[in-house]
Amino acid sequence: MIPWLDANTPFPDVSHALTTDAPGLLAAGADLSPARLLAAYERGIFPWFSEGQPILWWSTDPRMVLHTAEFKVSDSLKKTLKKVARDSARWQVRFDSAFEEVMRACAAPRRDGPGTWISDDIIAGYSALHRQGYAHSSELWLDGELVGGAYGVSIGTMFYGESMFARVTDGSKVALAYLVHFLRQHGVQLIDCQQETGHLASLGARPIARRDFIAHLQKNIVMPQIRDWCPTAPF
């Protein structure tokens, strides 16, 4: 039985997360206010739930992470990155110019299935975090149209990746490549990817024990907050 949180209930220790049935499920309830979301991320906890469900809070073990030094750039992505850098009249990479639009694009139905778990309540919660300087988007634009992007949460020198989308080939990967490059320049060693997937593994992500993940984030969330989010070309 997982605990139910009200507005004033603190999170239980992540060691209490389920190990069977729904591995990593820690608690339910509470809200998606900036204070609650920050308290979750600072403890290695994230919300993930479907429409019609209560807010569900998770802390998976193992934890999928991308070490920024291990990000894999395929030959085809290298070509795309060079094309984007070469033709700045048509292509642009921006940070934080259309945060909510990126979230809504990530929430849209996919060719291989329905829309994601990103509900209007999730968008409102993370948009509030964005206004406070804790959530950021990396965006790829082509001829003035948003064609790819990624977003996540930044606390100190810890970054928590949330979702990506693409409307052109490699659109999400270009946005991620610029984001990874920026984060490396600012001392971020590890990006939280939450759950293991083949796509993330193809980009260089790998699982680590939750205790190691928690130890890493505890050292990095107390570092000074990253300012001046401005992309520079990875190559």
# chains A, B, ... in the order shown; residues from 1 in each chain; ligands from 1
call {"tool": "select_by_dssp", "arguments": {"residues": "region 24-192 of chain A", "states": "helix (DSSP H, G or I)", "output": "ChimeraX atom specification"}}
result
/A:34-41,68-70,75-86,99-107,120-131,171-185
call {"tool": "write_last_selection", "arguments": {"atoms": "C-alpha atoms", "output": "PDB file, in the first residue's frame"}}
result
ATOM      1  CA  PRO A  34       6.606  24.390  -8.128  1.00  0.00           C
ATOM      2  CA  ALA A  35       7.451  23.769  -4.461  1.00  0.00           C
ATOM      3  CA  ARG A  36       6.232  20.168  -4.632  1.00  0.00           C
ATOM      4  CA  LEU A  37       7.966  19.480  -7.957  1.00  0.00           C
ATOM      5  CA  LEU A  38      11.267  20.907  -6.689  1.00  0.00           C
ATOM      6  CA  ALA A  39      10.987  18.875  -3.483  1.00  0.00           C
ATOM      7  CA  ALA A  40      10.461  15.771  -5.628  1.00  0.00           C
ATOM      8  CA  TYR A  41      13.392  16.322  -7.982  1.00  0.00           C
ATOM      9  CA  THR A  68      27.040  14.139 -20.792  1.00  0.00           C
ATOM     10  CA  ALA A  69      30.542  12.927 -21.739  1.00  0.00           C
ATOM     11  CA  GLU A  70      29.019   9.715 -23.145  1.00  0.00           C
ATOM     12  CA  ASP A  75      27.421   9.992 -38.381  1.00  0.00           C
ATOM     13  CA  SER A  76      23.981  10.985 -39.675  1.00  0.00           C
ATOM     14  CA  LEU A  77      23.366  13.287 -36.707  1.00  0.00           C
ATOM     15  CA  LYS A  78      26.823  14.843 -37.229  1.00  0.00           C
ATOM     16  CA  LYS A  79      25.817  15.714 -40.789  1.00  0.00           C
ATOM     17  CA  THR A  80      22.542  17.225 -39.602  1.00  0.00           C
ATOM     18  CA  LEU A  81      24.306  19.290 -36.936  1.00  0.00           C
ATOM     19  CA  LYS A  82      26.749  20.646 -39.496  1.00  0.00           C
ATOM     20  CA  LYS A  83      23.874  21.502 -41.835  1.00  0.00           C
ATOM     21  CA  VAL A  84      22.076  23.378 -39.047  1.00  0.00           C
ATOM     22  CA  ALA A  85      25.236  25.311 -38.130  1.00  0.00           C
ATOM     23  CA  ARG A  86      26.045  26.077 -41.782  1.00  0.00           C
ATOM     24  CA  PHE A  99       8.726  26.450 -23.520  1.00  0.00           C
ATOM     25  CA  GLU A 100       5.010  25.682 -23.373  1.00  0.00           C
ATOM     26  CA  GLU A 101       4.885  25.066 -27.126  1.00  0.00           C
ATOM     27  CA  VAL A 102       7.628  22.459 -26.725  1.00  0.00           C
ATOM     28  CA  MET A 103       5.687  20.764 -23.945  1.00  0.00           C
ATOM     29  CA  ARG A 104       2.508  20.682 -26.015  1.00  0.00           C
ATOM     30  CA  ALA A 105       4.416  19.247 -28.972  1.00  0.00           C
ATOM     31  CA  CYS A 106       5.802  16.532 -26.682  1.00  0.00           C
ATOM     32  CA  ALA A 107       2.248  15.801 -25.521  1.00  0.00           C
ATOM     33  CA  ASP A 120      -2.701  20.154 -19.105  1.00  0.00           C
ATOM     34  CA  ASP A 121      -1.980  19.933 -15.361  1.00  0.00           C
ATOM     35  CA  ILE A 122       1.572  18.757 -16.062  1.00  0.00           C
ATOM     36  CA  ILE A 123       2.047  21.583 -18.582  1.00  0.00           C
ATOM     37  CA  ALA A 124       0.779  24.136 -16.064  1.00  0.00           C
ATOM     38  CA  GLY A 125       3.060  22.796 -13.312  1.00  0.00           C
ATOM     39  CA  TYR A 126       6.236  22.773 -15.394  1.00  0.00           C
ATOM     40  CA  SER A 127       5.410  26.111 -17.017  1.00  0.00           C
ATOM     41  CA  ALA A 128       5.304  27.579 -13.508  1.00  0.00           C
ATOM     42  CA  LEU A 129       8.727  26.013 -12.855  1.00  0.00           C
ATOM     43  CA  HIS A 130       9.941  27.562 -16.119  1.00  0.00           C
ATOM     44  CA  ARG A 131       8.812  31.012 -15.013  1.00  0.00           C
ATOM     45  CA  GLY A 171      14.854  17.230 -34.867  1.00  0.00           C
ATOM     46  CA  SER A 172      14.803  16.064 -31.248  1.00  0.00           C
ATOM     47  CA  LYS A 173      18.398  14.814 -31.426  1.00  0.00           C
ATOM     48  CA  VAL A 174      19.685  18.181 -32.639  1.00  0.00           C
ATOM     49  CA  ALA A 175      17.897  19.926 -29.763  1.00  0.00           C
ATOM     50  CA  LEU A 176      19.333  17.369 -27.344  1.00  0.00           C
ATOM     51  CA  ALA A 177      22.858  17.669 -28.783  1.00  0.00           C
ATOM     52  CA  TYR A 178      22.860  21.436 -28.236  1.00  0.00           C
ATOM     53  CA  LEU A 179      21.451  20.959 -24.748  1.00  0.00           C
ATOM     54  CA  VAL A 180      24.060  18.339 -23.813  1.00  0.00           C
ATOM     55  CA  HIS A 181      26.857  20.572 -25.140  1.00  0.00           C
ATOM     56  CA  PHE A 182      25.584  23.540 -23.122  1.00  0.00           C
ATOM     57  CA  LEU A 183      25.245  21.460 -19.951  1.00  0.00           C
ATOM     58  CA  ARG A 184      28.758  20.053 -20.298  1.00  0.00           C
ATOM     59  CA  GLN A 185      30.101  23.593 -20.616  1.00  0.00           C
TER      60      GLN A 185
END
call {"tool": "closest_atom_pairs", "arguments": {"of": "region 137-162 of chain A", "to": "region 218-233 of chain A", "cutoff": "12 Å", "atoms": "only C-alpha atoms", "output": "CSV"}}
result
residue,atom,partner,partner_atom,distance
A:Ser137,CA,A:Trp229,CA,9.6
A:Ser138,CA,A:Pro231,CA,8.3
A:Glu139,CA,A:Pro231,CA,9.7
A:Leu140,CA,A:Pro231,CA,10.8
A:Val153,CA,A:Ile221,CA,11.2
A:Ser154,CA,A:Ile226,CA,7.8
A:Ile155,CA,A:Ile221,CA,5.3
A:Gly156,CA,A:Gln225,CA,4.3
A:Thr157,CA,A:Asn220,CA,5.1
A:Met158,CA,A:Asn220,CA,5.6
A:Phe159,CA,A:Ile221,CA,9.1
A:Tyr160,CA,A:Ile221,CA,11.1
call {"tool": "write_last_selection", "arguments": {"atoms": "C-alpha atoms", "output": "CSV table (one decimal), in the first residue's frame"}}
result
chain,number,residue,atom,x,y,z
A,137,SER,CA,13.5,24.0,-23.3
A,138,SER,CA,15.9,23.4,-26.2
A,139,GLU,CA,14.3,24.1,-29.6
A,140,LEU,CA,15.1,23.5,-33.3
A,153,VAL,CA,14.3,20.6,-15.0
A,154,SER,CA,17.6,22.2,-13.9
A,155,ILE,CA,18.6,22.4,-10.2
A,156,GLY,CA,22.1,23.5,-9.5
A,157,THR,CA,24.3,21.4,-11.8
A,158,MET,CA,21.8,18.6,-12.0
A,159,PHE,CA,19.5,18.3,-15.1
A,160,TYR,CA,16.4,16.1,-15.3
call {"tool": "select_by_dssp", "arguments": {"residues": "region 15-220 of chain A", "states": "strand (DSSP E or B)", "output": "PyMOL selection string"}}
result
chain A and resi 25-29+46-47+56-58+63-67+91-95+110+113+135-142+145-155+158-166+190-194+206-208
call {"tool": "residues_around", "arguments": {"residues": "Ile2 (chain A)", "least_positions_apart": "4", "cutoff": "12 Å", "atoms": "only C-alpha atoms", "output": "JSON, numbers by chain"}}
result
{"A": [11, 12, 13, 14, 16, 17, 18, 19, 21, 22, 23, 24, 25, 26, 27, 28, 29, 56, 57, 58]}
call {"tool": "write_last_selection", "arguments": {"atoms": "C-alpha atoms", "output": "PDB file, in the first residue's frame"}}
result
ATOM      1  CA  PHE A  11       7.638  12.564   0.558  1.00  0.00           C
ATOM      2  CA  PRO A  12       8.585   9.211   2.077  1.00  0.00           C
ATOM      3  CA  ASP A  13      12.170   8.059   1.676  1.00  0.00           C
ATOM      4  CA  VAL A  14      12.801   6.611  -1.784  1.00  0.00           C
ATOM      5  CA  HIS A  16      10.062   2.733   0.383  1.00  0.00           C
ATOM      6  CA  ALA A  17       9.278   2.635  -3.358  1.00  0.00           C
ATOM      7  CA  LEU A  18       7.641  -0.570  -4.535  1.00  0.00           C
ATOM      8  CA  THR A  19       9.865  -3.307  -5.899  1.00  0.00           C
ATOM      9  CA  ASP A  21       3.797  -4.867  -9.274  1.00  0.00           C
ATOM     10  CA  ALA A  22       4.736  -1.235 -10.060  1.00  0.00           C
ATOM     11  CA  PRO A  23       8.494  -1.055  -9.364  1.00  0.00           C
ATOM     12  CA  GLY A  24       9.569   2.428  -8.336  1.00  0.00           C
ATOM     13  CA  LEU A  25       6.096   3.677  -7.340  1.00  0.00           C
ATOM     14  CA  LEU A  26       6.524   5.645  -4.117  1.00  0.00           C
ATOM     15  CA  ALA A  27       3.383   7.673  -3.341  1.00  0.00           C
ATOM     16  CA  ALA A  28       0.206   9.246  -4.737  1.00  0.00           C
ATOM     17  CA  GLY A  29      -1.614  12.535  -4.300  1.00  0.00           C
ATOM     18  CA  LEU A  56       1.697   9.198  -8.962  1.00  0.00           C
ATOM     19  CA  TRP A  57       5.261   9.733  -7.720  1.00  0.00           C
ATOM     20  CA  TRP A  58       8.128   7.420  -8.723  1.00  0.00           C
TER      21      TRP A  58
END
call {"tool": "closest_residue", "arguments": {"among": "A:Leu217, A:Ala108, A:Met164, A:Leu66", "to": "Cys193 (chain A)", "atoms": "only C-alpha atoms"}}
result
A:Leu66
call {"tool": "atom_distance", "arguments": {"atom1": "CA of Glu162 (chain A)", "atom2": "CA of Phe46 (chain A)"}}
result
9.6 Å
